[in-house]
file entry-v8.txt (compact mmCIF, C-alpha atoms and all ligand atoms)
# COMPACT_ATOMS: atom_id res chain seq x y z
CA MET A 95 -27.59 28.90 32.98
CA ILE A 96 -25.09 27.36 30.60
CA LYS A 97 -26.64 25.90 27.47
CA ILE A 98 -24.95 23.03 25.71
CA ASN A 99 -24.81 22.08 22.06
CA GLU A 100 -27.97 19.94 22.08
CA HIS A 101 -26.63 17.74 19.32
CA TYR A 102 -24.20 16.22 21.84
CA THR A 103 -27.20 14.68 23.59
CA GLU A 104 -28.19 12.92 20.38
CA ILE A 105 -24.88 11.19 19.67
CA GLY A 106 -24.23 7.89 21.37
CA ASN A 107 -21.41 7.46 23.84
CA ASN A 108 -18.20 6.51 22.08
CA TYR A 109 -18.57 3.11 23.52
CA LEU A 110 -16.97 0.63 21.10
CA PHE A 111 -13.41 0.52 22.40
CA ALA A 112 -14.52 1.13 25.99
CA GLU A 113 -16.86 -1.87 25.75
CA ILE A 114 -14.08 -4.01 24.24
CA ALA A 115 -11.73 -2.99 27.06
CA LYS A 116 -14.39 -3.77 29.66
CA ARG A 117 -15.09 -7.24 28.28
CA VAL A 118 -11.37 -8.02 28.15
CA ARG A 119 -10.93 -6.72 31.71
CA ASP A 120 -13.83 -8.85 32.97
CA TYR A 121 -12.38 -11.90 31.23
CA LYS A 122 -8.91 -11.34 32.70
CA GLU A 123 -10.38 -11.04 36.17
CA ILE A 124 -11.84 -14.51 35.86
CA TYR A 125 -8.88 -16.02 33.96
CA PRO A 126 -5.80 -14.05 35.08
CA ASP A 127 -3.39 -16.66 33.69
CA LYS A 128 -4.66 -16.63 30.13
CA ALA A 129 -2.59 -14.57 27.67
CA VAL A 130 -4.84 -12.35 25.58
CA ILE A 131 -3.64 -11.30 22.10
CA SER A 132 -5.11 -8.20 20.48
CA LEU A 133 -5.67 -8.08 16.75
CA GLY A 134 -8.14 -5.31 17.36
CA ILE A 135 -6.17 -2.13 17.73
CA GLY A 136 -5.69 0.33 14.90
CA ASP A 137 -2.39 1.47 16.39
CA VAL A 138 1.07 0.61 15.15
CA THR A 139 3.49 -1.56 17.13
CA GLN A 140 6.80 -1.38 15.27
CA ALA A 141 9.52 1.16 16.08
CA ILE A 142 9.73 4.41 14.16
CA VAL A 143 12.38 3.94 11.45
CA PRO A 144 16.02 5.06 12.07
CA VAL A 145 16.06 7.84 9.43
CA VAL A 146 13.11 9.54 11.16
CA ILE A 147 14.63 9.09 14.61
CA GLU A 148 17.89 10.69 13.41
CA ALA A 149 15.98 13.66 12.00
CA ILE A 150 14.05 14.09 15.25
CA HIS A 151 17.26 13.98 17.30
CA LYS A 152 18.88 16.56 15.06
CA ALA A 153 15.84 18.83 15.26
CA THR A 154 15.80 18.45 19.05
CA ASP A 155 19.42 19.60 19.18
CA GLU A 156 18.49 22.66 17.13
CA MET A 157 15.93 23.48 19.79
CA ALA A 158 18.72 23.50 22.41
CA ASN A 159 20.40 26.48 20.80
CA ALA A 160 18.89 29.98 20.76
CA ARG A 161 20.32 30.59 17.27
CA THR A 162 18.64 27.58 15.71
CA MET A 163 15.59 27.00 17.89
CA ARG A 164 12.13 27.38 16.36
CA GLY A 165 9.03 28.77 17.97
CA TYR A 166 5.53 28.69 16.53
CA ALA A 167 5.47 26.84 13.24
CA PRO A 168 3.64 28.27 10.22
CA TYR A 169 -0.06 27.28 10.38
CA GLU A 170 0.18 25.50 7.04
CA GLY A 171 3.46 23.71 7.75
CA TYR A 172 7.14 24.51 7.11
CA ASP A 173 8.14 24.92 3.46
CA PHE A 174 10.63 22.05 3.75
CA LEU A 175 7.83 19.59 4.53
CA VAL A 176 5.20 21.08 2.25
CA ASN A 177 7.65 20.95 -0.67
CA ALA A 178 8.65 17.35 0.12
CA ILE A 179 4.96 16.36 0.21
CA LEU A 180 4.22 18.25 -2.99
CA LYS A 181 7.10 16.67 -4.91
CA ASN A 182 6.87 13.10 -3.66
CA ASP A 183 3.15 12.52 -3.16
CA PHE A 184 1.88 14.54 -6.11
CA LEU A 185 4.22 16.09 -8.73
CA ASP A 186 6.35 12.93 -9.12
CA ARG A 187 3.10 10.98 -9.57
CA GLY A 188 1.90 13.26 -12.33
CA ILE A 189 -0.56 15.27 -10.20
CA SER A 190 -0.26 19.04 -10.48
CA LEU A 191 -0.87 20.89 -7.25
CA GLU A 192 0.63 23.97 -5.65
CA ALA A 193 2.32 24.36 -2.29
CA ASP A 194 -0.43 26.62 -0.91
CA GLU A 195 -2.99 23.87 -1.48
CA ILE A 196 -1.31 21.68 1.17
CA PHE A 197 -2.01 22.18 4.88
CA VAL A 198 0.20 20.24 7.29
CA SER A 199 -1.60 19.27 10.49
CA ASP A 200 -1.40 17.11 13.58
CA GLY A 201 -3.18 14.24 11.85
CA ALA A 202 -6.15 13.17 9.80
CA LYS A 203 -8.47 12.74 12.78
CA SER A 204 -8.35 16.45 13.56
CA ASP A 205 -8.75 17.47 9.94
CA THR A 206 -11.57 15.05 9.05
CA GLY A 207 -13.28 16.14 12.26
CA ASN A 208 -12.65 19.88 11.88
CA ILE A 209 -13.42 20.33 8.19
CA GLY A 210 -17.10 20.72 9.08
CA ASP A 211 -16.23 24.09 10.66
CA ILE A 212 -16.23 25.70 7.22
CA LEU A 213 -19.39 23.93 5.98
CA SER A 214 -23.00 24.85 6.72
CA SER A 215 -25.10 22.65 9.00
CA ASN A 216 -27.65 22.64 6.20
CA ASN A 217 -25.54 20.42 3.96
CA ARG A 218 -26.86 16.91 3.35
CA ILE A 219 -24.13 14.41 4.15
CA ALA A 220 -23.52 10.94 2.70
CA ILE A 221 -21.25 8.54 4.57
CA THR A 222 -20.32 4.99 3.69
CA ASP A 223 -21.44 2.40 6.24
CA PRO A 224 -19.45 0.92 8.03
CA ALA A 225 -17.05 3.84 8.54
CA TYR A 226 -14.37 5.45 10.66
CA PRO A 227 -16.64 6.86 13.42
CA VAL A 228 -15.33 10.44 13.21
CA TYR A 229 -17.38 11.18 10.07
CA VAL A 230 -20.77 10.30 11.54
CA ASP A 231 -20.07 11.63 15.03
CA THR A 232 -18.79 15.05 13.95
CA ASN A 233 -21.71 15.57 11.57
CA GLN A 234 -24.16 14.59 14.28
CA MET A 235 -22.45 17.09 16.59
CA ALA A 236 -23.20 19.75 13.98
CA GLY A 237 -26.79 18.54 13.53
CA ARG A 238 -26.45 17.67 9.85
CA ILE A 239 -28.71 15.19 8.06
CA ILE A 240 -26.80 12.04 7.21
CA GLU A 241 -27.59 9.35 4.66
CA LEU A 242 -25.64 6.14 5.15
CA LEU A 243 -24.42 4.24 2.09
CA PRO A 244 -24.15 0.54 2.96
CA CYS A 245 -21.01 -1.25 1.79
CA THR A 246 -21.50 -5.01 1.91
CA PRO A 247 -20.55 -8.10 -0.07
CA ALA A 248 -23.82 -7.62 -2.02
CA ASN A 249 -22.43 -4.46 -3.66
CA HIS A 250 -18.80 -5.62 -3.46
CA PHE A 251 -18.24 -2.83 -0.92
CA VAL A 252 -18.78 -0.20 -3.62
CA PRO A 253 -21.30 2.32 -2.28
CA ALA A 254 -24.33 3.21 -4.41
CA PHE A 255 -25.08 6.88 -4.97
CA PRO A 256 -27.27 8.45 -2.25
CA GLU A 257 -31.05 8.37 -2.68
CA LYS A 258 -31.23 12.11 -2.15
CA ILE A 259 -28.50 14.28 -3.66
CA ALA A 260 -25.71 14.73 -1.13
CA ASP A 261 -23.85 18.01 -0.73
CA VAL A 262 -20.92 16.37 1.02
CA ILE A 263 -19.71 12.78 0.59
CA TYR A 264 -17.17 10.99 2.76
CA LEU A 265 -15.09 8.35 0.97
CA CYS A 266 -12.24 6.51 2.68
CA TYR A 267 -10.05 4.32 0.48
CA PRO A 268 -8.30 2.06 1.26
CA ASN A 269 -11.15 1.65 3.70
CA ASN A 270 -11.16 1.40 7.43
CA PRO A 271 -12.71 -0.93 8.58
CA THR A 272 -13.38 -3.15 5.54
CA GLY A 273 -9.90 -2.99 4.00
CA THR A 274 -11.52 -2.70 0.56
CA VAL A 275 -10.57 -0.27 -2.21
CA LEU A 276 -12.12 1.51 -5.20
CA THR A 277 -10.64 1.11 -8.66
CA LYS A 278 -9.91 4.19 -10.72
CA GLU A 279 -13.09 3.60 -12.71
CA GLN A 280 -15.22 3.31 -9.59
CA LEU A 281 -13.74 6.48 -8.11
CA GLU A 282 -14.23 8.29 -11.43
CA LYS A 283 -17.96 7.66 -11.13
CA TRP A 284 -18.00 9.38 -7.75
CA VAL A 285 -16.02 12.35 -9.04
CA ASP A 286 -18.46 12.64 -11.96
CA TYR A 287 -21.39 12.46 -9.53
CA ALA A 288 -19.88 15.22 -7.40
CA LEU A 289 -19.13 17.41 -10.43
CA GLU A 290 -22.67 16.94 -11.75
CA HIS A 291 -24.34 17.77 -8.42
CA GLN A 292 -21.76 20.32 -7.23
CA SER A 293 -21.04 18.15 -4.19
CA LEU A 294 -17.87 18.05 -2.14
CA ILE A 295 -16.02 14.73 -1.71
CA LEU A 296 -14.03 14.39 1.50
CA PHE A 297 -11.51 11.73 0.53
CA ASP A 298 -9.67 10.08 3.42
CA ALA A 299 -6.51 8.44 2.08
CA ALA A 300 -4.91 7.66 5.47
CA TYR A 301 -4.04 4.12 4.25
CA GLU A 302 -2.75 5.09 0.80
CA ALA A 303 0.71 3.65 1.54
CA TYR A 304 -0.76 0.15 1.84
CA ILE A 305 -1.98 -0.02 -1.76
CA SER A 306 -0.25 -2.84 -3.62
CA GLN A 307 -2.35 -3.20 -6.80
CA PRO A 308 -1.40 -0.94 -9.71
CA ASP A 309 -4.93 0.06 -10.78
CA ILE A 310 -5.92 1.53 -7.40
CA PRO A 311 -5.69 5.33 -7.10
CA HIS A 312 -3.42 6.63 -4.34
CA SER A 313 -4.94 10.09 -4.55
CA ILE A 314 -8.36 11.27 -5.70
CA TYR A 315 -6.53 13.88 -7.78
CA GLU A 316 -5.48 11.10 -10.14
CA ILE A 317 -9.05 11.47 -11.40
CA GLU A 318 -9.75 14.22 -13.87
CA GLY A 319 -11.85 17.03 -12.45
CA ALA A 320 -11.29 16.01 -8.81
CA LYS A 321 -9.57 19.28 -7.96
CA LYS A 322 -12.91 21.02 -8.53
CA THR A 323 -14.74 18.72 -6.17
CA ALA A 324 -12.55 17.00 -3.55
CA ILE A 325 -10.55 17.61 -0.40
CA GLU A 326 -8.02 14.88 0.44
CA PHE A 327 -6.77 13.88 3.89
CA ARG A 328 -3.43 12.13 4.43
CA SER A 329 -1.67 10.91 7.53
CA PHE A 330 1.85 9.92 8.56
CA SER A 331 0.34 7.69 11.27
CA LYS A 332 0.07 4.41 9.42
CA THR A 333 2.51 5.37 6.66
CA ALA A 334 5.42 5.96 9.02
CA GLY A 335 4.35 4.96 12.52
CA PHE A 336 3.48 8.54 13.58
CA THR A 337 0.40 7.68 15.69
CA GLY A 338 2.18 9.04 18.77
CA MET A 339 4.05 11.80 16.92
CA ARG A 340 1.02 13.40 15.21
CA ALA A 341 1.41 14.57 11.64
CA GLY A 342 -0.80 14.56 8.59
CA TYR A 343 -1.90 16.94 5.90
CA THR A 344 -4.95 18.04 4.01
CA VAL A 345 -5.15 19.13 0.40
CA VAL A 346 -7.67 21.86 -0.38
CA PRO A 347 -7.33 22.79 -4.06
CA LYS A 348 -7.79 26.44 -4.98
CA GLU A 349 -10.33 25.48 -7.66
CA LEU A 350 -12.74 24.30 -4.95
CA THR A 351 -15.55 26.68 -4.22
CA ALA A 352 -18.78 26.75 -2.24
CA GLN A 353 -21.75 29.04 -1.94
CA THR A 354 -22.98 31.36 0.77
CA SER A 355 -26.73 31.49 1.45
CA LYS A 356 -26.78 34.68 -0.64
CA GLY A 357 -25.25 32.87 -3.60
CA GLU A 358 -21.78 34.35 -3.23
CA ILE A 359 -19.03 31.94 -4.34
CA LEU A 360 -16.10 31.51 -1.94
CA SER A 361 -12.83 29.55 -2.02
CA LEU A 362 -12.69 26.61 0.39
CA ASN A 363 -8.90 26.91 0.37
CA ALA A 364 -9.18 30.47 1.72
CA LEU A 365 -11.78 29.41 4.31
CA TRP A 366 -9.70 26.48 5.54
CA ARG A 367 -6.62 28.74 5.80
CA ARG A 368 -8.72 31.18 7.85
CA ARG A 369 -9.99 28.35 10.06
CA GLN A 370 -6.55 26.84 10.63
CA SER A 371 -4.87 30.17 11.34
CA THR A 372 -7.52 30.87 13.98
CA LYS A 373 -7.83 27.50 15.69
CA PHE A 374 -4.55 25.69 14.97
CA ASN A 375 -1.01 26.72 15.86
CA GLY A 376 1.05 24.44 13.67
CA THR A 377 2.59 20.99 13.91
CA ALA A 378 5.74 20.70 16.06
CA TYR A 379 8.97 21.54 14.20
CA ILE A 380 10.62 18.35 15.44
CA VAL A 381 7.74 16.24 14.16
CA GLN A 382 7.77 18.00 10.79
CA ARG A 383 11.50 17.27 10.42
CA GLY A 384 10.69 13.62 11.18
CA ALA A 385 7.95 13.63 8.54
CA GLU A 386 10.29 15.24 6.01
CA ALA A 387 12.80 12.42 6.55
CA THR A 388 10.25 9.82 5.42
CA TYR A 389 10.61 11.24 1.90
CA THR A 390 14.37 10.68 1.60
CA GLN A 391 15.46 7.64 -0.39
CA GLU A 392 16.56 5.83 2.74
CA GLY A 393 13.41 6.94 4.58
CA GLN A 394 11.21 5.52 1.84
CA LYS A 395 13.11 2.24 1.92
CA GLN A 396 12.78 1.97 5.69
CA ILE A 397 9.07 2.81 5.92
CA ARG A 398 8.33 0.44 3.01
CA GLU A 399 9.95 -2.37 5.01
CA VAL A 400 7.66 -1.72 7.99
CA ILE A 401 4.59 -1.59 5.75
CA ALA A 402 5.67 -4.87 4.13
CA TYR A 403 5.99 -6.39 7.61
CA TYR A 404 2.41 -5.39 8.49
CA MET A 405 1.14 -6.61 5.15
CA GLU A 406 2.77 -9.99 5.72
CA ASN A 407 0.82 -10.08 9.00
CA ALA A 408 -2.31 -9.30 6.99
CA ARG A 409 -1.55 -12.21 4.66
CA ILE A 410 -1.00 -14.57 7.59
CA ILE A 411 -4.28 -13.57 9.27
CA GLN A 412 -6.27 -13.72 6.07
CA ASN A 413 -4.87 -17.13 5.09
CA GLY A 414 -5.54 -18.44 8.57
CA LEU A 415 -9.16 -17.28 8.49
CA GLU A 416 -9.73 -18.60 4.97
CA ASN A 417 -8.27 -21.97 5.97
CA LEU A 418 -10.91 -22.10 8.69
CA GLY A 419 -13.53 -21.70 5.99
CA LEU A 420 -14.36 -18.11 6.86
CA THR A 421 -15.07 -15.51 4.19
CA THR A 422 -12.74 -12.53 4.30
CA TYR A 423 -12.45 -9.19 2.52
CA GLY A 424 -9.76 -6.51 2.31
CA GLY A 425 -6.24 -7.27 3.48
CA LYS A 426 -4.58 -6.81 0.08
CA ASN A 427 -4.31 -3.02 -0.11
CA ALA A 428 -4.99 -2.22 3.53
CA PRO A 429 -3.88 -3.42 6.96
CA TYR A 430 -7.45 -4.51 7.79
CA ILE A 431 -9.16 -7.85 7.26
CA TRP A 432 -12.93 -7.81 7.33
CA VAL A 433 -14.46 -11.18 8.03
CA LYS A 434 -18.03 -12.48 7.86
CA THR A 435 -18.85 -14.03 11.22
CA PRO A 436 -19.55 -17.77 11.06
CA HIS A 437 -23.03 -19.26 11.63
CA ASN A 438 -24.62 -15.82 11.38
CA LEU A 439 -23.30 -14.85 14.78
CA SER A 440 -23.68 -11.18 15.62
CA SER A 441 -20.44 -9.19 15.72
CA TRP A 442 -20.46 -9.16 19.53
CA GLU A 443 -21.32 -12.87 19.79
CA PHE A 444 -18.28 -13.62 17.66
CA PHE A 445 -16.20 -11.28 19.81
CA ASP A 446 -17.16 -13.23 22.95
CA LEU A 447 -16.59 -16.59 21.27
CA LEU A 448 -13.11 -15.57 20.09
CA LEU A 449 -12.16 -14.13 23.45
CA HIS A 450 -13.39 -17.07 25.49
CA LYS A 451 -12.21 -19.89 23.22
CA THR A 452 -8.95 -18.44 21.88
CA GLN A 453 -8.18 -15.34 23.99
CA ILE A 454 -8.00 -13.23 20.83
CA VAL A 455 -9.43 -9.73 20.68
CA GLY A 456 -10.70 -8.17 17.48
CA THR A 457 -13.18 -5.40 16.73
CA PRO A 458 -16.90 -6.08 16.25
CA GLY A 459 -17.97 -4.74 12.84
CA SER A 460 -21.25 -3.39 14.24
CA GLY A 461 -19.19 -0.78 16.11
CA PHE A 462 -18.47 0.91 12.77
CA GLY A 463 -22.11 1.20 11.73
CA GLN A 464 -25.19 -0.93 11.20
CA ALA A 465 -23.95 -2.37 7.89
CA GLY A 466 -21.01 -3.78 9.88
CA GLU A 467 -23.29 -6.09 11.89
CA GLY A 468 -22.33 -9.72 11.30
CA PHE A 469 -18.74 -8.76 10.45
CA PHE A 470 -15.52 -8.50 12.39
CA ARG A 471 -12.29 -6.53 11.87
CA PHE A 472 -8.79 -7.88 12.38
CA THR A 473 -5.81 -5.56 12.10
CA ALA A 474 -2.33 -6.38 10.85
CA PHE A 475 -0.56 -3.96 13.20
CA GLY A 476 0.52 -6.57 15.74
CA ASN A 477 3.96 -8.10 15.96
CA ARG A 478 4.72 -11.26 13.99
CA GLU A 479 4.95 -13.57 16.96
CA ASN A 480 1.48 -12.65 18.25
CA THR A 481 -0.01 -12.77 14.78
CA LEU A 482 1.28 -16.30 14.19
CA GLU A 483 0.19 -17.40 17.64
CA ALA A 484 -3.29 -15.93 17.08
CA VAL A 485 -3.71 -17.85 13.84
CA GLU A 486 -2.62 -21.08 15.57
CA ARG A 487 -5.14 -20.53 18.34
CA MET A 488 -7.96 -19.85 15.91
CA LYS A 489 -7.55 -23.37 14.55
CA THR A 490 -9.20 -24.55 17.78
CA LEU A 491 -12.35 -22.55 17.08
N1 LIG B 501 -8.73 8.25 8.98
C1 LIG B 501 -8.91 6.94 9.12
C2 LIG B 501 -9.73 6.20 8.15
C3 LIG B 501 -8.33 6.26 10.21
O1 LIG B 501 -8.52 4.94 10.35
C4 LIG B 501 -7.55 6.97 11.13
C5 LIG B 501 -6.92 6.33 12.29
O2 LIG B 501 -7.14 5.22 12.65
C6 LIG B 501 -7.41 8.33 10.94
C7 LIG B 501 -8.00 8.94 9.86
C8 LIG B 501 -6.67 9.17 11.93
O3 LIG B 501 -5.37 9.36 11.57
P1 LIG B 501 -4.39 10.29 12.40
O4 LIG B 501 -3.61 9.41 13.31
O5 LIG B 501 -3.56 10.96 11.35
O6 LIG B 501 -5.21 11.28 13.16

call {"tool": "encode", "arguments": {"input": "entry-v8.txt", "output": "structure tokens"}}
result
Amino acid sequence: MIKINEHYTEIGNNYLFAEIAKRVRDYKEIYPDKAVISLGIGDVTQAIVPVVIEAIHKATDEMANARTMRGYAPYEGYDFLVNAILKNDFLDRGISLEADEIFVSDGAKSDTGNIGDILSSNNRIAITDPAYPVYVDTNQMAGRIIELLPCTPANHFVPAFPEKIADVIYLCYPNNPTGTVLTKEQLEKWVDYALEHQSLILFDAAYEAYISQPDIPHSIYEIEGAKKTAIEFRSFSKTAGFTGMRAGYTVVPKELTAQTSKGEILSLNALWRRRQSTKFNGTAYIVQRGAEATYTQEGQKQIREVIAYYMENARIIQNGLENLGLTTYGGKNAPYIWVKTPHNLSSWEFFDLLLHKTQIVGTPGSGFGQAGEGFFRFTAFGNRENTLEAVERMKTL
């Protein structure tokens, strides 16, 4: 008889977005004429910028010719993209890395989810709470012990160190779902913790492009010593509207090592390369050419304009909520606004109230972890018209 991975019986159903969809569906059945606006999705809505589209078209044409077509891509990404990433995201920002420390992928979800392949199930894991669900779910699938680190207004959304020493720590900044950030000093403390305890930090910087304040690190490698202790995940999804194109990359510095049960020291870079070359067959050539184009001068200008558009949405939503007397967090360096529900409503009670009174859909904070209970997430990824309309409607709350 087939035996399953028992840990899959211990994880809950991935029910947050399914439950949201069901409640919206039920509502629309009763009120088919009401126009529902979603400020809940974490997906982009604006067109991919022209420079990227041109590059994709050109790459597609290359595929139409036997002389220029490309087959399997290198597992770690084409040199043209790796070198553009290296120069623009790191060297030009004063961070020294080498090309073979960068692994292009089909996005940060795969990499944050797959990284556990090279880590023992015996590692103790620390994860901020609330969090992007992939971290908790994938560690539960592997049967690892998890300690949650609550991030609430009481600690200004800065997680305290774990009670028991953690071998692996997930940090995501700018944060999904709270929209909050860590200053350089705050991140330094985590790097020092990890160096002291020989822990690994898994740093998810998927929203790096949304940072507007100068003292907020864009990369964990801005912190001294981080190359000995951290892996960083990046994504073109929110930076350049690639959610449907699929591209990201992961940095695994060669200085990073880990131990076998016999005490042998191995390179995580070498292990990740081995993992990727076995289980991953490269990101599409066309997509990589599109990603490369985001680093041209014109590409940077165009993607910055889209980010500015979303961040203006964030400002509009945040102002609207504050004008209603609600307390909000995030929204300045991230496309997410985290709001305390009024009158101590639970996250789902507020969801129902918003849907029924204003026909607006957001995401209940409790869906991101128990420390998210009593909070609610709005995203800035809508179009301007809907965002303005949503804020108008909320005045009737
Ligand atoms: N990491 C965080 C924190 C996210 O919020 C998301 C997407 O919402 C991802 C990673 C996934 O990014 P990608 O589209 O590159 O898989």

call {"tool": "closest_residue", "arguments": {"input": "entry-v8.txt", "among": "A:Ala408, A:Met157, A:Leu491, A:Leu415", "to": "Thr473 of chain A", "atoms": "all atoms listed in the file"}}
result
A:Ala408

call {"tool": "residues_near_ligand", "arguments": {"input": "entry-v8.txt", "ligand": "ligand LIG 501 (chain B)", "cutoff": "10 Å", "atoms": "all atoms listed in the file", "output": "PyMOL selection string"}}
result
chain A and resi 135-138+199-207+225-229+265-271+297-301+327-333+335-343+430

call {"tool": "atom_distance", "arguments": {"input": "entry-v8.txt", "atom1": "atom CA of Val381 of chain A", "atom2": "atom CA of Gln394 of chain A"}}
result
16.7 Å

call {"tool": "atom_distance", "arguments": {"input": "entry-v8.txt", "atom1": "atom CA of Arg218 of chain A", "atom2": "atom CA of His312 of chain A"}}
result
26.7 Å

call {"tool": "closest_residue", "arguments": {"input": "entry-v8.txt", "among": "A:Ala465, A:Ala364, A:Ile314, A:Leu418", "to": "Pro244 of chain A", "atoms": "all atoms listed in the file"}}
result
A:Ala465

call {"tool": "residues_around", "arguments": {"input": "entry-v8.txt", "residues": "Glu406 of chain A", "least_positions_apart": "2", "cutoff": "10 Å", "atoms": "all atoms listed in the file", "output": "list in words"}}
result
Val400, Ile401, Ala402, Tyr403, Tyr404, Ala408, Arg409, Ile410, Ile411, Gln412, Gly425, Lys426, Pro429, Ala474, Arg478 and Thr481 of chain A

call {"tool": "residues_near_point", "arguments": {"input": "entry-v8.txt", "point": "(-21.3, 23.9, 7.6)", "cutoff": "12 Å", "atoms": "all atoms listed in the file", "output": "list in words"}}
result
Asn208, Ile209, Gly210, Asp211, Ile212, Leu213, Ser214, Ser215, Asn216, Asn217, Arg218, Ile219, Thr232, Asn233, Gln234, Met235, Ala236, Gly237, Arg238, Ile239, Asp261, Val262, Leu294, Ala352, Gln353, Thr354, Ser355, Leu362 and Leu365 of chain A

call {"tool": "closest_atom_pairs", "arguments": {"input": "entry-v8.txt", "of": "segment 374-401 of chain A", "to": "segment 140-152 of chain A", "cutoff": "9 Å", "atoms": "all atoms listed in the file", "output": "Markdown table"}}
result
| residue | atom | partner | partner_atom | distance |
| --- | --- | --- | --- | --- |
| A:Ile380 | CA | A:Ile150 | CA | 5.5 |
| A:Val381 | CA | A:Ile150 | CA | 6.8 |
| A:Gln382 | CA | A:Ile150 | CA | 8.6 |
| A:Arg383 | CA | A:Ala149 | CA | 6.0 |
| A:Gly384 | CA | A:Val146 | CA | 4.7 |
| A:Ala385 | CA | A:Val146 | CA | 7.1 |
| A:Glu386 | CA | A:Val146 | CA | 8.2 |
| A:Ala387 | CA | A:Val146 | CA | 5.4 |
| A:Thr388 | CA | A:Val146 | CA | 6.4 |
| A:Thr390 | CA | A:Val145 | CA | 8.5 |
| A:Glu392 | CA | A:Val145 | CA | 7.0 |
| A:Gly393 | CA | A:Val145 | CA | 5.6 |
| A:Gln396 | CA | A:Val143 | CA | 6.1 |
| A:Ile397 | CA | A:Val143 | CA | 6.5 |
| A:Val400 | CA | A:Gln140 | CA | 7.3 |

call {"tool": "write_last_selection", "arguments": {"input": "entry-v8.txt", "atoms": "C-alpha atoms", "output": "short mmCIF file (atom, residue, chain, number, x, y, z; two decimals), in the frame of the given file"}}
result
data_model
loop_
_atom_site.label_atom_id
_atom_site.label_comp_id
_atom_site.auth_asym_id
_atom_site.auth_seq_id
_atom_site.Cartn_x
_atom_site.Cartn_y
_atom_site.Cartn_z
CA ILE A 380 10.62 18.35 15.44
CA VAL A 381 7.74 16.24 14.16
CA GLN A 382 7.77 18.00 10.79
CA ARG A 383 11.50 17.27 10.42
CA GLY A 384 10.69 13.62 11.18
CA ALA A 385 7.95 13.63 8.54
CA GLU A 386 10.29 15.24 6.01
CA ALA A 387 12.80 12.42 6.55
CA THR A 388 10.25 9.82 5.42
CA THR A 390 14.37 10.68 1.60
CA GLU A 392 16.56 5.83 2.74
CA GLY A 393 13.41 6.94 4.58
CA GLN A 396 12.78 1.97 5.69
CA ILE A 397 9.07 2.81 5.92
CA VAL A 400 7.66 -1.72 7.99
#

call {"tool": "closest_residue", "arguments": {"input": "entry-v8.txt", "among": "A:Tyr166, A:Tyr379, A:Tyr109, A:Tyr287", "to": "Ala324 of chain A", "atoms": "all atoms listed in the file"}}
result
A:Tyr287

call {"tool": "closest_residue", "arguments": {"input": "entry-v8.txt", "among": "A:Leu360, A:Ile196, A:Leu276, A:Ala220", "to": "Ile295 of chain A", "atoms": "all atoms listed in the file"}}
result
A:Ala220

call {"tool": "atom_distance", "arguments": {"input": "entry-v8.txt", "atom1": "atom CA of Lys283 of chain A", "atom2": "atom CA of Asp223 of chain A"}}
result
18.5 Å

call {"tool": "closest_residue", "arguments": {"input": "entry-v8.txt", "among": "A:Leu191, A:Ile325, A:Ile131, A:Ala260", "to": "Gly476 of chain A", "atoms": "only C-alpha atoms"}}
result
A:Ile131

call {"tool": "closest_residue", "arguments": {"input": "entry-v8.txt", "among": "A:Lys181, A:Leu133, A:Thr277, A:Arg187", "to": "Val485 of chain A", "atoms": "all atoms listed in the file"}}
result
A:Leu133

call {"tool": "decode", "arguments": {"input": "entry-v8.txt", "residues": "segment 429-438 of chain A", "atoms": "N, CA and C atoms", "output": "PDB file, in the first residue's frame"}}
result
ATOM      1  N   PRO A 429       3.879  47.495  -0.474  1.00  0.00           N
ATOM      2  CA  PRO A 429       2.547  47.706  -1.053  1.00  0.00           C
ATOM      3  C   PRO A 429       1.421  47.158  -0.173  1.00  0.00           C
ATOM      4  N   TYR A 430       1.690  46.926   1.090  1.00  0.00           N
ATOM      5  CA  TYR A 430       0.686  46.384   2.011  1.00  0.00           C
ATOM      6  C   TYR A 430       0.396  47.346   3.160  1.00  0.00           C
ATOM      7  N   ILE A 431      -0.891  47.461   3.484  1.00  0.00           N
ATOM      8  CA  ILE A 431      -1.302  48.249   4.645  1.00  0.00           C
ATOM      9  C   ILE A 431      -1.945  47.284   5.621  1.00  0.00           C
ATOM     10  N   TRP A 432      -1.457  47.326   6.832  1.00  0.00           N
ATOM     11  CA  TRP A 432      -1.898  46.412   7.889  1.00  0.00           C
ATOM     12  C   TRP A 432      -2.715  47.253   8.861  1.00  0.00           C
ATOM     13  N   VAL A 433      -3.944  46.892   9.067  1.00  0.00           N
ATOM     14  CA  VAL A 433      -4.809  47.759   9.871  1.00  0.00           C
ATOM     15  C   VAL A 433      -5.379  46.987  11.054  1.00  0.00           C
ATOM     16  N   LYS A 434      -5.427  47.689  12.197  1.00  0.00           N
ATOM     17  CA  LYS A 434      -6.050  47.101  13.398  1.00  0.00           C
ATOM     18  C   LYS A 434      -7.547  47.177  13.173  1.00  0.00           C
ATOM     19  N   THR A 435      -8.239  46.071  13.387  1.00  0.00           N
ATOM     20  CA  THR A 435      -9.690  46.097  13.174  1.00  0.00           C
ATOM     21  C   THR A 435     -10.345  46.984  14.246  1.00  0.00           C
ATOM     22  N   PRO A 436     -11.417  47.683  13.883  1.00  0.00           N
ATOM     23  CA  PRO A 436     -12.074  48.538  14.880  1.00  0.00           C
ATOM     24  C   PRO A 436     -12.886  47.708  15.885  1.00  0.00           C
ATOM     25  N   HIS A 437     -13.115  48.277  17.051  1.00  0.00           N
ATOM     26  CA  HIS A 437     -13.977  47.679  18.095  1.00  0.00           C
ATOM     27  C   HIS A 437     -13.586  46.240  18.423  1.00  0.00           C
ATOM     28  N   ASN A 438     -12.305  45.947  18.310  1.00  0.00           N
ATOM     29  CA  ASN A 438     -11.831  44.587  18.627  1.00  0.00           C
ATOM     30  C   ASN A 438     -12.528  43.480  17.844  1.00  0.00           C
TER      31      ASN A 438
END
